[in-house]
$ cat coords16.cif   # mmCIF, C-alpha atoms
data_target
#
loop_
_atom_site.label_atom_id
_atom_site.label_comp_id
_atom_site.auth_asym_id
_atom_site.auth_seq_id
_atom_site.Cartn_x
_atom_site.Cartn_y
_atom_site.Cartn_z
CA MET A 9 7.78 -8.37 -0.61
CA ALA A 10 6.08 -11.23 1.20
CA LEU A 11 4.31 -12.36 -1.96
CA LEU A 12 7.57 -12.51 -3.94
CA TYR A 13 9.76 -13.94 -1.16
CA SER A 14 10.10 -17.34 -2.84
CA GLU A 15 11.26 -15.73 -6.10
CA LEU A 16 13.70 -13.52 -4.23
CA ARG A 17 15.00 -16.58 -2.38
CA VAL A 18 15.69 -18.33 -5.71
CA ILE A 19 17.59 -15.27 -6.93
CA ALA A 20 19.56 -14.98 -3.69
CA ARG A 21 20.44 -18.69 -3.62
CA ARG A 22 21.64 -18.51 -7.22
CA GLU A 23 23.87 -15.53 -6.41
CA HIS A 24 25.18 -17.20 -3.27
CA PHE A 25 26.19 -20.32 -5.18
CA ARG A 26 27.57 -18.31 -8.10
CA ALA A 27 29.85 -16.35 -5.78
CA GLY A 28 30.93 -19.57 -4.04
CA GLY A 29 32.67 -20.08 -0.76
CA PRO A 30 31.66 -19.20 2.76
CA GLN A 31 32.82 -15.60 2.33
CA THR A 32 29.63 -14.55 0.57
CA LEU A 33 26.44 -13.38 2.18
CA GLN A 34 23.95 -16.18 2.80
CA PRO A 35 20.76 -16.11 0.71
CA THR A 36 18.64 -15.04 3.69
CA ALA A 37 21.04 -12.18 4.45
CA LEU A 38 20.88 -11.06 0.80
CA ILE A 39 17.09 -11.01 0.92
CA ASN A 40 17.07 -9.17 4.24
CA GLU A 41 19.50 -6.54 2.99
CA ALA A 42 17.46 -6.13 -0.21
CA TYR A 43 14.35 -5.69 1.92
CA VAL A 44 16.04 -2.94 3.94
CA LYS A 45 16.90 -1.14 0.71
CA LEU A 46 13.47 -1.62 -0.87
CA GLN A 47 11.15 -1.07 2.10
CA ARG A 48 11.46 2.69 1.88
CA ARG A 49 9.77 2.71 -1.51
CA GLU A 50 6.09 2.22 -2.16
CA GLY A 51 3.88 2.05 -5.21
CA TRP A 52 5.54 -0.59 -7.34
CA ASP A 53 4.19 -0.53 -10.90
CA SER A 54 4.28 -4.30 -11.29
CA LYS A 55 5.92 -7.51 -10.18
CA ALA A 56 8.47 -7.04 -12.96
CA HIS A 57 9.28 -3.52 -11.74
CA PHE A 58 9.83 -4.79 -8.20
CA LEU A 59 12.06 -7.70 -9.33
CA GLY A 60 14.11 -5.34 -11.48
CA CYS A 61 14.70 -3.05 -8.51
CA ALA A 62 15.48 -6.08 -6.33
CA ALA A 63 18.12 -7.17 -8.85
CA THR A 64 19.78 -3.77 -8.61
CA ALA A 65 19.62 -3.86 -4.81
CA ILE A 66 21.26 -7.31 -4.76
CA ARG A 67 24.04 -6.01 -7.03
CA HIS A 68 24.69 -3.12 -4.66
CA ILE A 69 24.72 -5.45 -1.65
CA LEU A 70 27.23 -7.85 -3.22
CA ILE A 71 29.52 -5.01 -4.31
CA ASP A 72 29.33 -3.38 -0.86
CA ALA A 73 30.16 -6.74 0.76
CA ALA A 74 33.17 -7.18 -1.52
CA ARG A 75 34.39 -3.67 -0.69
CA ALA A 76 33.98 -4.34 3.03
CA ARG A 77 35.94 -7.59 2.82
CA LEU A 78 38.74 -5.89 0.87
CA ALA A 79 38.83 -3.02 3.38
CA SER A 80 38.93 -5.54 6.20
CA LYS A 81 41.83 -7.29 4.54
CA ARG A 82 43.77 -4.00 4.40
CA ASP A 83 42.99 -3.30 8.09
CA ALA A 84 40.80 -0.37 7.10
CA PRO A 85 37.62 0.39 9.01
CA THR A 86 34.77 -1.87 7.91
CA PHE A 87 31.53 -0.66 6.38
CA SER A 88 28.67 -0.99 8.80
CA PHE A 89 25.83 -1.87 6.42
CA THR A 90 25.32 -5.23 8.12
CA GLN A 91 26.45 -6.87 11.33
CA SER A 92 27.16 -10.17 9.57
CA LEU A 93 30.16 -8.68 7.75
CA ASP A 94 32.08 -8.49 11.03
CA SER A 95 32.34 -12.27 11.09
CA MET A 96 33.15 -12.78 7.41
CA ALA A 97 36.46 -14.25 6.33
CA ALA A 98 39.23 -12.33 4.56
CA ALA A 99 38.68 -11.26 0.97
CA VAL A 100 38.96 -13.70 -1.88
CA PRO A 101 40.53 -12.60 -5.16
CA GLU A 102 37.12 -12.25 -6.80
CA ASP A 103 36.24 -9.29 -4.57
CA GLY A 104 38.47 -6.99 -6.60
CA GLU A 105 36.76 -8.17 -9.75
CA ILE A 106 33.31 -7.54 -8.27
CA ILE A 107 34.33 -3.99 -7.38
CA LYS A 108 35.75 -3.44 -10.88
CA LEU A 109 32.48 -4.76 -12.27
CA GLY A 110 30.52 -2.36 -10.08
CA ASP A 111 32.59 0.57 -11.32
CA ALA A 112 32.21 -0.57 -14.93
CA LEU A 113 28.44 -0.85 -14.44
CA LYS A 114 28.27 2.71 -13.11
CA ALA A 115 30.09 3.91 -16.20
CA LEU A 116 27.87 1.77 -18.44
CA ALA A 117 24.73 3.21 -16.83
CA ASP A 118 25.98 6.68 -17.75
CA VAL A 119 26.42 5.57 -21.37
CA ASP A 120 23.28 3.39 -21.70
CA ALA A 121 21.03 2.68 -18.73
CA ASN A 122 19.23 -0.16 -20.52
CA LEU A 123 22.46 -2.13 -20.93
CA ALA A 124 23.20 -1.71 -17.21
CA LYS A 125 19.69 -2.91 -16.32
CA VAL A 126 20.18 -6.01 -18.46
CA VAL A 127 23.38 -6.82 -16.56
CA ASP A 128 21.56 -6.33 -13.25
CA CYS A 129 18.82 -8.72 -14.29
CA ARG A 130 20.92 -11.33 -16.08
CA PHE A 131 24.07 -11.42 -13.94
CA PHE A 132 23.07 -10.29 -10.46
CA ALA A 133 19.48 -11.53 -10.34
CA GLY A 134 20.14 -14.57 -12.53
CA LEU A 135 17.06 -14.01 -14.66
CA ASP A 136 16.82 -15.56 -18.11
CA GLU A 137 16.19 -13.61 -21.33
CA LYS A 138 12.42 -13.99 -21.16
CA GLU A 139 12.19 -12.80 -17.54
CA THR A 140 14.52 -9.89 -18.26
CA ALA A 141 12.49 -8.92 -21.32
CA GLU A 142 9.33 -8.89 -19.21
CA ILE A 143 10.93 -6.67 -16.57
CA LEU A 144 12.35 -4.21 -19.10
CA GLY A 145 9.31 -4.27 -21.38
CA VAL A 146 11.20 -5.28 -24.52
CA SER A 147 11.49 -8.40 -26.67
CA ASP A 148 13.70 -11.42 -25.93
CA ARG A 149 15.75 -10.60 -28.99
CA THR A 150 16.41 -7.06 -27.76
CA VAL A 151 17.55 -8.43 -24.39
CA ARG A 152 19.88 -10.86 -26.19
CA ARG A 153 21.37 -8.04 -28.28
CA TRP A 154 21.76 -5.74 -25.25
CA TRP A 155 23.32 -8.59 -23.23
CA VAL A 156 25.99 -9.13 -25.90
CA GLN A 157 26.68 -5.37 -26.10
CA ALA A 158 26.86 -4.99 -22.33
CA ARG A 159 29.21 -7.93 -21.85
CA ALA A 160 31.54 -6.64 -24.57
CA TRP A 161 31.54 -3.14 -23.11
CA ILE A 162 32.20 -4.37 -19.58
CA HIS A 163 34.96 -6.69 -20.78
CA VAL A 164 36.80 -3.77 -22.39
CA GLU A 165 36.27 -1.58 -19.30
CA MET A 166 37.54 -4.23 -16.90
CA LEU A 167 40.63 -4.88 -19.02
CA ALA A 168 41.40 -1.17 -19.00
CA ALA A 169 40.98 -0.91 -15.19
#

$ encode --input "coords16.cif" --output "structure tokens"
Amino acid sequence: MALLYSELRVIARREHFRAGGPQTLQPTALINEAYVKLQRREGWDSKAHFLGCAATAIRHILIDAARARLASKRDAPTFSFTQSLDSMAAAVPEDGEIIKLGDALKALADVDANLAKVVDCRFFAGLDEKETAEILGVSDRTVRRWWVQARAWIHVEMLAA
């Protein structure tokens, strides 16, 4: 984790800026939450394997944060996965979309796990095609094809939701 901190920081900053606004978790908080999720596991196969798992952890963190903000907005009890959520502002409209995306990704993983992994790497971790191909152990062209398939599938799922 310490050796890859700078790469994780780049991923977290990218996600923070992509989400926009002060309502999102700060990059350091994203990294810390990812660390909490990943510290329980040992024996990473490679740097690519670790970064792929980190991308999935970041996706889960962002979706959980969106759910917590929406629950807070509805005066429901907040999720307690981090203390920083207590001070976050009310939900922004994108939170509902993030939750829909999370649900669509769960369904996509049931249909084709590789397509879901591509979305984790490309969308949530902000990796390019070459980096994603390295993590998944496939060619750039395969990643490009899977990315197009995954986006189309998710688009249909989110319209139906």

$ resolve_selection --input "coords16.cif" --expression "the PyMOL selection byres ((chain A and resi 144) around 9)" --output "list in words"
Ala56, His57, Gly60, Asn122, Lys125, Val126, Glu139, Thr140, Ala141, Glu142, Ile143, Gly145, Val146, Ser147 and Val151 of chain A

$ atom_distance --input "coords16.cif" --atom1 "atom CA of Ala63 of chain A" --atom2 "atom CA of His163 of chain A"
20.6 Å

$ resolve_selection --input "coords16.cif" --expression "the PyMOL selection byres ((chain A and resi 15) around 12)" --output "VMD selection string"
chain A and resid 9 to 14 16 to 22 35 39 55 to 56 58 to 59 62 to 63 133 to 135 139

$ closest_residue --input "coords16.cif" --among "A:Phe132, A:Leu33, A:Asn40, A:Gly51" --to "Arg67 of chain A" --atoms "all atoms listed in the file"
A:Phe132

$ resolve_selection --input "coords16.cif" --expression "the PyMOL selection byres ((chain A and resi 106) around 10)" --output "list in words"
Ala27, Arg67, Leu70, Ile71, Asp72, Ala73, Ala74, Arg75, Pro101, Glu102, Asp103, Gly104, Glu105, Ile107, Lys108, Leu109, Gly110, Asp111 and Ala112 of chain A

$ residues_around --input "coords16.cif" --residues "Leu123 of chain A" --least-positions-apart "2" --cutoff "7 Å" --atoms "only C-alpha atoms" --output "list in words"
Asp120, Ala121, Lys125, Val126, Val127, Trp154, Trp155 and Ala158 of chain A

$ closest_residue --input "coords16.cif" --among "A:Ile69, A:Glu165, A:Glu137, A:Leu78" --to "Leu116 of chain A" --atoms "all atoms listed in the file"
A:Glu165

$ atom_distance --input "coords16.cif" --atom1 "atom CA of Arg153 of chain A" --atom2 "atom CA of Phe131 of chain A"
15.0 Å

$ atom_distance --input "coords16.cif" --atom1 "atom CA of Arg49 of chain A" --atom2 "atom CA of Cys61 of chain A"
10.3 Å
